[in-house]
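Peer 1: Here it is: the structure, laid out below.
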Amino acid sequence: MTAKISYDDVEVGTELPAQTFGVTRATLVQYAGASGDFNPIHWNEKFAKEVGLPDVIAHGMFTMAEAIRVVTDWTGDPGSIVEYGVRFTKPVVVPNDAEGATIEVSAKVGAKLDDNTVRVDLTAMSAGQKVLGMSRAVVRLA
Amino acid sequence: MALDQSFVGRTYPPTDPYEVGREKIREFAEAVGDAHPAYTDPEAAKALGHPDVIAPPTFVFSITFKAAGQVVQDPQLGLDYSRVVHGDQKFAHKRPVRAGDRLTVTSTIETIKSLAGNDILDIRGEVHDEAGEHVVTAWTKLVARAAEEG
């Protein structure tokens with residue numbers, strides 16, 4: 001395992017490069033197929049509205065997968081993730097158009113821990129609302 | 001009706017092995033738009049010290065959630081799955097999941113709570129490889145929303 005970032009080079013408060021991820025209905029169909037989660041709230045507008053949702057929503061696990069890319073792109077090795085947890089606070093609503101929705105992810109080092117690991121605190125926003133809460137990763141650096 | 005507390009601590013039998021394939025990892029990485037070469041190129045993965053291509057950190061959920069189905073569909077537990085939403089998710093990785101792994105999942109009910117009519121269920125999935133080594137633990141919080149009055 002070879003993270004490109006050195007433990008000694010980061011401090012509490014170090015910001016990771018933020019990223020914005022797009023998600024359309026086509027993205028959700030593709031993710032449903034790859035993950036095996038075919039819940040119709042993620043592709044069927046009529047069904048989503050019948051169960052009280054504003055529209056089709058992204059899989060929480062899709063949002064979780066996008067958010068951690070800010071960390072794995074930073075360390076250079078996806079194998080550097082030791083722990084990763086999130087709370088799904090708000091759904092990412094995905095309209096039926098070419099633009100879809102966007103998920104904006106920022107992250108910073110929240111604490112330096114033992115054994116060359118750091119805690120990274122993530123923030124994921126969509127349409128002005130926080131979509132992940134208590135979103136944290138423990139990452140092993142070089 | 002609140003779920004039966006006697007189910008706390010119940011462990012379900014390990015699942016049949018899930019064989020992690022390179023193409024399945026590629027398909028997942030493409031679906032989340034992640035072009036990191038460690039997911040698709042064995043040489044790039046080896047350069048990072050991995051024996052084969054590795055899976056993105058959340059890939060294993062597909063396997064652990066399917067295993068959690070044993071719990072949520074247990075007729076004795078009686079969870080109303082049509083009202084279930086995913087509350088929290090956490091993973092602790094001993095090592096990354098990689099192509100060639102044959103993974104089994106053992107699911108345990110950690111806690112059952114009832115809050116304002118919602119049933120909250122915490123399921124822990126322990127994932128082991130063919131050699132019996134621990135690979136990852138997945139904690140999944142499911143919330144069965146209270147049925148509306150009347």
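The chains in the structure tokens are called A, B, ... from first to last as shown; in each chain the residues are counted from 1, and the ligands are counted from 1 in the order shown.
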Can you tell me, as a ChimeraX atom specification, what residues are no more than 12 Å from A:Ser135 when counting only C-alpha atoms, ignoring any on the same chain fewer than 5 positions away?

Peer 2: /A:63-65,67-68,71,83-89,105-108,110,119-125,130 /B:88-91

Peer 1: List every residue of chain B that has an atom at most 8 Å from any atom of chain A, and for each one report the closest atom pair and its distance in Å to one decimal, counting only C-alpha atoms, with rows sorted by chain and then by increasing residue number, as a tab-separated table.

Peer 2:
residue	atom	partner	partner_atom	distance
B:Lys24	CA	A:Ala34	CA	7.4
B:Glu27	CA	A:Ala34	CA	5.9
B:Phe28	CA	A:Ala34	CA	5.1
B:Ala31	CA	A:Tyr31	CA	5.0
B:Val32	CA	A:Glu66	CA	6.5
B:Asp34	CA	A:Arg69	CA	7.5
B:His36	CA	A:Asp73	CA	7.9
B:Ala38	CA	A:Asp77	CA	7.6
B:Leu48	CA	A:Met1	CA	5.2
B:Gly49	CA	A:Met1	CA	5.0
B:His50	CA	A:Met1	CA	6.9
B:Ile54	CA	A:Gly79	CA	7.5
B:Pro56	CA	A:Pro78	CA	6.6
B:Pro57	CA	A:Pro78	CA	7.0
B:Thr58	CA	A:Ala65	CA	5.9
B:Phe59	CA	A:Ser35	CA	7.6
B:Ser62	CA	A:Ser35	CA	5.6
B:His86	CA	A:Phe88	CA	7.0
B:Gly87	CA	A:Phe88	CA	5.5
B:Asp88	CA	A:Arg87	CA	4.2
B:Gln89	CA	A:Gly85	CA	5.5
B:Lys90	CA	A:Gly85	CA	3.8
B:Phe91	CA	A:Tyr84	CA	5.3
B:Ala92	CA	A:Glu83	CA	4.3
B:His93	CA	A:Val82	CA	5.0
B:Lys94	CA	A:Val82	CA	6.9
B:Arg95	CA	A:Gly79	CA	7.0
B:Pro96	CA	A:Gly79	CA	5.4

Peer 1: Which value, in Å to one decimal, gives the distance between atom CA of A:Gly13 and atom CA of A:Val118?

Peer 2: 11.1 Å

Peer 1: Smallest atom-to-atom distance to A:Val139: which of A:Lys90, A:Pro95, A:Val56, A:Thr75, using only C-alpha atoms?

Peer 2: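 For A:Val139, the nearest of the given residues is A:Thr75.
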
Peer 1: Identify which of the residues B:Phe61, B:Tyr39, B:Phe7, B:Tyr18 lies closest to B:Gly100, counting only C-alpha atoms when measuring atom-to-atom distances.

Peer 2: B:Tyr18

Peer 1: Any idea what's packed within 10 Å of B:Ser82, counting only C-alpha atoms, ignoring anything in its chain fewer than 2 positions away? Could you give it as a PyMOL selection string?

Peer 2: (chain A and resi 51) or (chain B and resi 79-80+84-85+144-145)

Peer 1: Could you go through stretch 12-145 of chain B and tell me which residues DSSP, when run on the backbone, assigns to strand (DSSP E or B), listing them as a PyMOL selection string?

Peer 2: chain B and resi 18-19+54+84-93+98+102-115+118-128+134-144

Peer 1: Would you work out the distance separating atom CA of A:Val70 from atom CA of B:Leu142, expressed in Å to one decimal?

Peer 2: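 Rounded to one decimal, the two atoms are 26.2 Å apart.
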
Peer 1: Tell me, as a list in words, which residues lie within 6 Å of A:Leu141, counting only C-alpha atoms; anything in the same chain fewer than 2 positions away does not count.

Peer 2: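 Listed by chain and then number, they are Ala3, Ile5, Ser6, Tyr7, Asn116 and Thr117 of chain A.
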
Peer 1: Emit the selected residues as a compact mmCIF listing (two decimals), in the first residue's frame, including all heavy atoms.

Peer 2:
# COMPACT_ATOMS: atom_id res chain seq x y z
N ALA A 3 0.22 5.10 -0.27
CA ALA A 3 -0.40 6.41 -0.40
C ALA A 3 0.66 7.42 -0.80
O ALA A 3 1.81 7.32 -0.39
CB ALA A 3 -1.05 6.81 0.92
N ILE A 5 0.49 10.62 -0.19
CA ILE A 5 0.55 11.71 0.77
C ILE A 5 1.24 11.21 2.05
O ILE A 5 0.92 10.14 2.55
CB ILE A 5 -0.88 12.21 1.13
CG1 ILE A 5 -1.63 12.63 -0.14
CG2 ILE A 5 -0.83 13.32 2.15
CD1 ILE A 5 -1.14 13.90 -0.78
N SER A 6 2.16 11.99 2.54
CA SER A 6 2.89 11.61 3.74
C SER A 6 2.16 12.12 4.99
O SER A 6 1.67 13.24 5.02
CB SER A 6 4.30 12.18 3.67
OG SER A 6 4.88 12.15 4.95
N TYR A 7 2.12 11.25 6.00
CA TYR A 7 1.50 11.60 7.29
C TYR A 7 2.10 12.89 7.85
O TYR A 7 1.39 13.74 8.39
CB TYR A 7 1.73 10.43 8.25
CG TYR A 7 1.17 10.62 9.64
CD1 TYR A 7 -0.18 10.42 9.91
CD2 TYR A 7 2.02 10.95 10.71
CE1 TYR A 7 -0.69 10.56 11.19
CE2 TYR A 7 1.52 11.10 11.99
CZ TYR A 7 0.16 10.90 12.23
OH TYR A 7 -0.32 11.04 13.51
N ASN A 116 0.18 6.21 11.55
CA ASN A 116 0.16 6.94 10.27
C ASN A 116 -1.25 7.12 9.68
O ASN A 116 -1.40 7.27 8.47
CB ASN A 116 1.05 6.27 9.22
CG ASN A 116 2.50 6.73 9.35
OD1 ASN A 116 2.91 7.20 10.42
ND2 ASN A 116 3.25 6.63 8.28
N THR A 117 -2.27 7.05 10.51
CA THR A 117 -3.62 7.27 9.99
C THR A 117 -4.13 8.65 10.38
O THR A 117 -3.71 9.23 11.39
CB THR A 117 -4.61 6.20 10.50
OG1 THR A 117 -4.71 6.27 11.92
CG2 THR A 117 -4.20 4.80 10.08

Peer 1: Could you tell me which of A:Ala142, A:Val94, A:Val131, A:Val109 comes closest to A:Val10 if we count only C-alpha atoms?

Peer 2: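 For A:Val10, the nearest of the given residues is A:Val109.
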
Peer 1: As an exercise, work out the distance from atom CA of B:Val53 to atom CA of B:Glu19 in Å and give it to one decimal place.

Peer 2: 13.7 Å

Peer 1: If you run DSSP on the backbone, which residues of stretch 20-133 of chain B are helix (DSSP H, G or I), as a ChimeraX atom specification?

Peer 2: /B:22-31,37-39,42-47,61-72,81-83

Peer 1: Looking at B:Lys141, B:Lys46, B:Arg22, B:Arg102, which one is nearest to B:Ile63, with distances taken over only C-alpha atoms?

Peer 2: B:Arg102

Peer 1: Using only C-alpha atoms, which of A:Phe47, A:Asn96, A:Gly52, A:Thr20 sits nearest B:Gly33?

Peer 2: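 For B:Gly33, the nearest of the candidates is A:Thr20.
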